[in-house]
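Q: Have a look at this one.
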Amino acid sequence: MDVRFDGQVAIVTGAGNGLGRSHALALAARGAKVVVNDLGGARDGSGASSEAAREVVAIIEANGGEAMAHGANVAVMAEVEDMVRQAMAKWGRVDILVNNAGILRDKTFAKMSLDDFRLVMDVHLMGSVNCTKAVWDIMREQEYGRIVMTTSSSGMYGNFGQSNYGAAKMAVLGFMNTLGLEGAKKNVRVNALSPTAATRMTEDLLPKEVLDLLTPESVTAGALVLCHESAPNRHILCAGAGGYASSRIFETDGVFLGVEQQTPEAILENWDAITSEAAQRPLEAGSKQTEKFLAKAMAAMSAE
């Protein structure tokens with residue numbers, strides 16, 4: 001099956017460089033009209049310039065595609081709304097949103113200012129919220145939408161010196177999980193991409209021979225799957241250096257403790273059973289945990 005986006009309109013944030021640029025170029029090469037969003041700031045979020053976004057638009061147009069640049073700061077809702085208004089005025093629809101924009105302010109938590117923590121949360125989390133909110137009703141009304149959050153192994157598993165980044169990247173997964181449920185009946189699917197690539201974000205962290213394997217294009221191949229009409233819903237796709245994997249949040253089956261046993265001592269005594277991975281499984285929604293625990297309680301009561 002050819003993965004095509006003919007007649008579709010895509011917004012890619014942070015598309016002036018790195019992964020966003022790669023995503024935008026690939027979407028355009030496969031038929032999408034693309035809003036190339038980039039504030040044009042440095043890796044830490046300072047400064048602004050529209051030059052990088054305009055360059056990507058020029059490449060797309062030179063290859064026969066359609067694109068427009070917009071310098072919205074994703075953390076400022078009014079600017080995001082203006083970007084979406086311009087896209088609607090030009091093309092009349094928005095089918096795909098790739099929330100890719102991000103910055104780094106890495107420090108250990110002991111040395112990190114709350115301003116640096118808040119700024120990273122604003123760009124990664126609230127930037128994704130703002131852009132998604134701006135297109136949500138459009139996608140619901142046209143009964144079609146594909147939204148990609150950008151998460152990270154730093155959020156799912158932790159990474160030294162990235163408490164702000166990790167918190168934001170885990171937060172977008174909670175956002176994705178609920179939106180995937182709310183958008184499903186309107187054919188709006190929401191997924192997350194967990195990339196490993198050689199970009200401005202990683203250039204100081206890894207040796208060149210390793211960076212050469214971590215091409216943005218290898219990650220973009222995964223991103224396009226999540227943008228496509230055949231995309232899954234509420235999945236985390238991990239991609240990097242030609243490797244692809246899926247990450248899920250699993251919950252152990254757990255145990256039931258009667259009223260007299262509902263003490264910290266009893267929980268510690270049953271710790272091995274509580275943490276046993278033998279029957280663990282992903283849950284489809286938060287309510288499923290409640291259903292599971294009540295089922296265990298009811299089973300225990302009926303056995304008495």
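Identifiers in this document derive from the order of the structure tokens: chains are assigned A, B, ..., residues are numbered from 1 separately in each chain, and ligands are numbered from 1 in order of occurrence.
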List every residue of region 47-232 of chain A that DSSP, applied to the backbone, labels as strand (DSSP E), and write the result as an MDAnalysis selection string.
A: chainID A and resid 67:70 96:99 145:150 188:195
Q: Could you please take those selected residues and save N, CA and C atoms as a PDB file, in the first residue's frame?
A:
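result.pdb written:
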```pdb
ATOM      1  N   ALA A  67       2.870  24.825  -0.014  1.00  0.00           N
ATOM      2  CA  ALA A  67       3.212  25.014   1.391  1.00  0.00           C
ATOM      3  C   ALA A  67       3.096  26.481   1.746  1.00  0.00           C
ATOM      4  N   MET A  68       2.972  26.749   3.047  1.00  0.00           N
ATOM      5  CA  MET A  68       3.018  28.108   3.550  1.00  0.00           C
ATOM      6  C   MET A  68       3.768  28.101   4.869  1.00  0.00           C
ATOM      7  N   ALA A  69       4.459  29.194   5.145  1.00  0.00           N
ATOM      8  CA  ALA A  69       5.205  29.320   6.389  1.00  0.00           C
ATOM      9  C   ALA A  69       4.396  30.116   7.392  1.00  0.00           C
ATOM     10  N   HIS A  70       4.551  29.779   8.663  1.00  0.00           N
ATOM     11  CA  HIS A  70       3.938  30.570   9.727  1.00  0.00           C
ATOM     12  C   HIS A  70       4.829  30.503  10.954  1.00  0.00           C
ATOM     13  N   ILE A  96      -4.148  16.858   9.204  1.00  0.00           N
ATOM     14  CA  ILE A  96      -3.032  16.291   9.970  1.00  0.00           C
ATOM     15  C   ILE A  96      -2.393  17.388  10.810  1.00  0.00           C
ATOM     16  N   LEU A  97      -2.109  17.058  12.059  1.00  0.00           N
ATOM     17  CA  LEU A  97      -1.321  17.942  12.924  1.00  0.00           C
ATOM     18  C   LEU A  97      -0.188  17.129  13.529  1.00  0.00           C
ATOM     19  N   VAL A  98       1.028  17.574  13.314  1.00  0.00           N
ATOM     20  CA  VAL A  98       2.188  16.951  13.943  1.00  0.00           C
ATOM     21  C   VAL A  98       2.751  17.939  14.958  1.00  0.00           C
ATOM     22  N   ASN A  99       2.545  17.640  16.234  1.00  0.00           N
ATOM     23  CA  ASN A  99       3.059  18.483  17.316  1.00  0.00           C
ATOM     24  C   ASN A  99       4.518  18.110  17.568  1.00  0.00           C
ATOM     25  N   GLY A 145      -9.316  13.252  11.113  1.00  0.00           N
ATOM     26  CA  GLY A 145      -8.142  13.940  11.630  1.00  0.00           C
ATOM     27  C   GLY A 145      -7.109  12.952  12.119  1.00  0.00           C
ATOM     28  N   ARG A 146      -5.862  13.310  11.944  1.00  0.00           N
ATOM     29  CA  ARG A 146      -4.758  12.503  12.458  1.00  0.00           C
ATOM     30  C   ARG A 146      -3.822  13.454  13.210  1.00  0.00           C
ATOM     31  N   ILE A 147      -3.645  13.204  14.496  1.00  0.00           N
ATOM     32  CA  ILE A 147      -2.820  14.067  15.342  1.00  0.00           C
ATOM     33  C   ILE A 147      -1.669  13.243  15.910  1.00  0.00           C
ATOM     34  N   VAL A 148      -0.472  13.783  15.810  1.00  0.00           N
ATOM     35  CA  VAL A 148       0.723  13.107  16.321  1.00  0.00           C
ATOM     36  C   VAL A 148       1.342  13.963  17.413  1.00  0.00           C
ATOM     37  N   MET A 149       1.435  13.410  18.613  1.00  0.00           N
ATOM     38  CA  MET A 149       2.203  14.025  19.692  1.00  0.00           C
ATOM     39  C   MET A 149       3.650  13.532  19.587  1.00  0.00           C
ATOM     40  N   THR A 150       4.573  14.330  20.051  1.00  0.00           N
ATOM     41  CA  THR A 150       5.964  13.873  20.108  1.00  0.00           C
ATOM     42  C   THR A 150       6.345  13.667  21.561  1.00  0.00           C
ATOM     43  N   VAL A 188     -11.131  10.858  14.471  1.00  0.00           N
ATOM     44  CA  VAL A 188      -9.938  11.640  14.805  1.00  0.00           C
ATOM     45  C   VAL A 188      -9.056  10.741  15.666  1.00  0.00           C
ATOM     46  N   ARG A 189      -7.937  10.326  15.114  1.00  0.00           N
ATOM     47  CA  ARG A 189      -7.041   9.400  15.804  1.00  0.00           C
ATOM     48  C   ARG A 189      -5.813  10.149  16.298  1.00  0.00           C
ATOM     49  N   VAL A 190      -5.397   9.814  17.508  1.00  0.00           N
ATOM     50  CA  VAL A 190      -4.309  10.533  18.166  1.00  0.00           C
ATOM     51  C   VAL A 190      -3.269   9.525  18.629  1.00  0.00           C
ATOM     52  N   ASN A 191      -2.039   9.721  18.186  1.00  0.00           N
ATOM     53  CA  ASN A 191      -0.949   8.819  18.529  1.00  0.00           C
ATOM     54  C   ASN A 191       0.280   9.617  18.948  1.00  0.00           C
ATOM     55  N   ALA A 192       1.312   8.913  19.363  1.00  0.00           N
ATOM     56  CA  ALA A 192       2.542   9.577  19.785  1.00  0.00           C
ATOM     57  C   ALA A 192       3.751   8.926  19.132  1.00  0.00           C
ATOM     58  N   LEU A 193       4.706   9.762  18.781  1.00  0.00           N
ATOM     59  CA  LEU A 193       5.974   9.321  18.212  1.00  0.00           C
ATOM     60  C   LEU A 193       7.075   9.573  19.238  1.00  0.00           C
ATOM     61  N   SER A 194       7.875   8.546  19.495  1.00  0.00           N
ATOM     62  CA  SER A 194       9.021   8.694  20.398  1.00  0.00           C
ATOM     63  C   SER A 194      10.297   8.557  19.573  1.00  0.00           C
ATOM     64  N   PRO A 195      10.891   9.695  19.185  1.00  0.00           N
ATOM     65  CA  PRO A 195      12.011   9.638  18.236  1.00  0.00           C
ATOM     66  C   PRO A 195      13.390   9.609  18.894  1.00  0.00           C
TER      67      PRO A 195
END
```
Q: For Ile11 (chain A), find every residue with an atom within 12 Å (counting only C-alpha atoms), except residues of its own chain fewer than 4 positions away, and show them as a CSV table (one decimal) with N, CA and C atoms, in the first residue's frame.
A:
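Here's the written file result-v1.csv:
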```csv
chain,number,residue,atom,x,y,z
A,15,ALA,N,9.0,23.0,12.2
A,15,ALA,CA,9.3,22.4,11.0
A,15,ALA,C,10.5,23.0,10.2
A,20,GLY,N,11.1,18.1,12.4
A,20,GLY,CA,10.0,18.8,11.8
A,20,GLY,C,10.2,19.1,10.3
A,21,ARG,N,11.4,19.5,10.0
A,21,ARG,CA,11.7,19.7,8.6
A,21,ARG,C,11.6,18.5,7.8
A,23,HIS,N,9.8,15.8,8.5
A,23,HIS,CA,8.3,15.4,8.4
A,23,HIS,C,7.6,16.3,7.4
A,24,ALA,N,7.9,17.6,7.4
A,24,ALA,CA,7.2,18.5,6.4
A,24,ALA,C,7.5,18.1,5.0
A,25,LEU,N,8.8,17.9,4.7
A,25,LEU,CA,9.3,17.6,3.4
A,25,LEU,C,8.7,16.3,2.9
A,27,LEU,N,5.9,14.7,4.0
A,27,LEU,CA,4.4,14.9,3.8
A,27,LEU,C,4.2,15.5,2.4
A,28,ALA,N,4.9,16.6,2.2
A,28,ALA,CA,4.7,17.3,0.9
A,28,ALA,C,5.1,16.4,-0.3
A,32,ALA,N,0.8,16.0,0.4
A,32,ALA,CA,0.1,16.9,1.3
A,32,ALA,C,0.5,18.4,1.1
A,33,LYS,N,-0.5,19.3,1.3
A,33,LYS,CA,-0.2,20.7,1.4
A,33,LYS,C,0.2,20.9,2.9
A,34,VAL,N,1.3,21.7,3.1
A,34,VAL,CA,1.9,21.7,4.4
A,34,VAL,C,2.0,23.1,4.9
A,35,VAL,N,1.6,23.3,6.2
A,35,VAL,CA,1.9,24.5,6.9
A,35,VAL,C,3.2,24.3,7.7
A,36,VAL,N,4.2,25.0,7.3
A,36,VAL,CA,5.5,24.8,7.9
A,36,VAL,C,5.6,25.9,9.0
A,37,ASN,N,5.4,25.4,10.2
A,37,ASN,CA,5.5,26.3,11.4
A,37,ASN,C,6.8,26.2,12.0
A,38,ASP,N,7.4,27.4,12.3
A,38,ASP,CA,8.6,27.5,13.1
A,38,ASP,C,8.8,28.9,13.6
A,67,ALA,N,2.9,24.8,0.0
A,67,ALA,CA,3.2,25.0,1.4
A,67,ALA,C,3.1,26.5,1.7
A,68,MET,N,3.0,26.7,3.0
A,68,MET,CA,3.0,28.1,3.6
A,68,MET,C,3.8,28.1,4.9
A,69,ALA,N,4.5,29.2,5.1
A,69,ALA,CA,5.2,29.3,6.4
A,69,ALA,C,4.4,30.1,7.4
A,70,HIS,N,4.6,29.8,8.7
A,70,HIS,CA,3.9,30.6,9.7
A,70,HIS,C,4.8,30.5,11.0
A,72,ALA,N,4.2,31.1,14.2
A,72,ALA,CA,3.5,31.1,15.5
A,72,ALA,C,4.4,30.5,16.6
A,74,VAL,N,4.0,28.3,19.5
A,74,VAL,CA,3.0,27.4,19.8
A,74,VAL,C,2.5,27.5,21.3
A,80,VAL,N,-1.3,30.7,17.4
A,80,VAL,CA,-1.7,29.4,16.9
A,80,VAL,C,-3.0,29.5,16.1
A,83,MET,N,-2.5,31.0,12.8
A,83,MET,CA,-1.9,30.0,11.9
A,83,MET,C,-3.0,29.1,11.3
A,84,VAL,N,-3.9,28.6,12.1
A,84,VAL,CA,-5.0,27.7,11.7
A,84,VAL,C,-5.9,28.5,10.8
A,85,ARG,N,-6.2,29.7,11.1
A,85,ARG,CA,-7.1,30.6,10.3
A,85,ARG,C,-6.6,30.7,8.9
A,86,GLN,N,-5.3,31.0,8.8
A,86,GLN,CA,-4.6,31.2,7.5
A,86,GLN,C,-4.6,29.9,6.7
A,87,ALA,N,-4.4,28.8,7.4
A,87,ALA,CA,-4.5,27.5,6.7
A,87,ALA,C,-5.9,27.2,6.1
A,88,MET,N,-6.9,27.5,6.9
A,88,MET,CA,-8.3,27.3,6.5
A,88,MET,C,-8.6,28.2,5.4
A,91,TRP,N,-6.7,26.7,2.2
A,91,TRP,CA,-7.0,25.4,1.7
A,91,TRP,C,-8.3,24.8,2.2
A,93,ARG,N,-9.3,23.2,5.0
A,93,ARG,CA,-9.4,22.0,5.9
A,93,ARG,C,-8.0,21.8,6.5
A,94,VAL,N,-8.0,21.1,7.6
A,94,VAL,CA,-6.8,20.6,8.2
A,94,VAL,C,-7.0,19.1,8.6
A,95,ASP,N,-6.2,18.3,8.0
A,95,ASP,CA,-6.3,16.8,8.2
A,95,ASP,C,-5.3,16.2,9.1
A,96,ILE,N,-4.1,16.9,9.2
A,96,ILE,CA,-3.0,16.3,10.0
A,96,ILE,C,-2.4,17.4,10.8
A,97,LEU,N,-2.1,17.1,12.1
A,97,LEU,CA,-1.3,17.9,12.9
A,97,LEU,C,-0.2,17.1,13.5
A,98,VAL,N,1.0,17.6,13.3
A,98,VAL,CA,2.2,17.0,13.9
A,98,VAL,C,2.8,17.9,15.0
A,99,ASN,N,2.5,17.6,16.2
A,99,ASN,CA,3.1,18.5,17.3
A,99,ASN,C,4.5,18.1,17.6
A,100,ASN,N,5.4,18.8,16.9
A,100,ASN,CA,6.8,18.5,17.0
A,100,ASN,C,7.7,19.6,17.7
A,101,ALA,N,7.2,20.8,17.8
A,101,ALA,CA,8.0,21.9,18.3
A,101,ALA,C,8.5,21.6,19.7
A,128,SER,N,1.4,21.7,22.5
A,128,SER,CA,0.6,20.6,21.9
A,128,SER,C,-0.8,20.8,22.1
A,131,CYS,N,-2.2,23.8,19.8
A,131,CYS,CA,-2.3,23.5,18.4
A,131,CYS,C,-3.5,22.5,18.2
A,132,THR,N,-3.6,21.5,19.2
A,132,THR,CA,-4.6,20.5,19.0
A,132,THR,C,-6.0,21.2,19.2
A,134,ALA,N,-6.8,24.2,18.6
A,134,ALA,CA,-7.1,25.0,17.4
A,134,ALA,C,-7.7,24.2,16.2
A,135,VAL,N,-7.3,23.0,16.1
A,135,VAL,CA,-7.8,22.2,15.0
A,135,VAL,C,-8.9,21.1,15.4
A,145,GLY,N,-9.3,13.3,11.1
A,145,GLY,CA,-8.1,13.9,11.6
A,145,GLY,C,-7.1,13.0,12.1
A,146,ARG,N,-5.9,13.3,11.9
A,146,ARG,CA,-4.8,12.5,12.5
A,146,ARG,C,-3.8,13.5,13.2
A,147,ILE,N,-3.6,13.2,14.5
A,147,ILE,CA,-2.8,14.1,15.3
A,147,ILE,C,-1.7,13.2,15.9
A,148,VAL,N,-0.5,13.8,15.8
A,148,VAL,CA,0.7,13.1,16.3
A,148,VAL,C,1.3,14.0,17.4
A,227,CYS,N,0.4,9.6,10.6
A,227,CYS,CA,-0.4,10.6,9.9
A,227,CYS,C,-1.4,10.0,8.9
```
Q: Mind checking which residues fall within 12 Å of region 266-272 of chain A, counting only C-alpha atoms, ignoring those fewer than 6 positions away in the same chain, and posting them as a list in words?
A: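 Residues near the query, excluding close chain neighbours: Thr252, Asp253, Gly254, Val255, Phe256, Leu257, Gly258, Val259, Glu260 and Ala278 of chain A.
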Q: Give me the residues within 8 Å of Phe109 (chain A) as a ChimeraX atom specification, counting only C-alpha atoms and dropping any in the same chain fewer than 5 places off.
A: /A:161-163
Q: Which residue, A:Ser246, A:Thr151, A:Thr13, A:Thr275, has the smallest gap to Phe175 (chain A) when you use only C-alpha atoms?
A: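 Answer, going by the shortest atom-to-atom distance: A:Thr151.
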Q: Quick one: residues within 12 Å of Asp2 (chain A), only C-alpha atoms counted, chain neighbours fewer than 4 positions away excluded, as number ranges by chain?
A: A: 6, 30-31, 224-225, 228-230
Q: When you count only C-alpha atoms, which of these residues is closest to Cys238 (chain A): A:Val210, A:Met121, A:Met112, A:Met156?
A: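 Smallest separation from Cys238 (chain A) among the options: A:Met156.
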Q: Quick one, how far is CA of Asn17 (chain A) from CA of Tyr165 (chain A)?
A: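 So the two atoms, CA of Asn17 (chain A) and CA of Tyr165 (chain A), lie 19.0 Å apart.
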Q: Just checking: using only C-alpha atoms, which residue out of A:Ala62, A:Leu114, A:Leu214, A:Ala221 ends up closest to Gly240 (chain A)?
A: A:Leu214
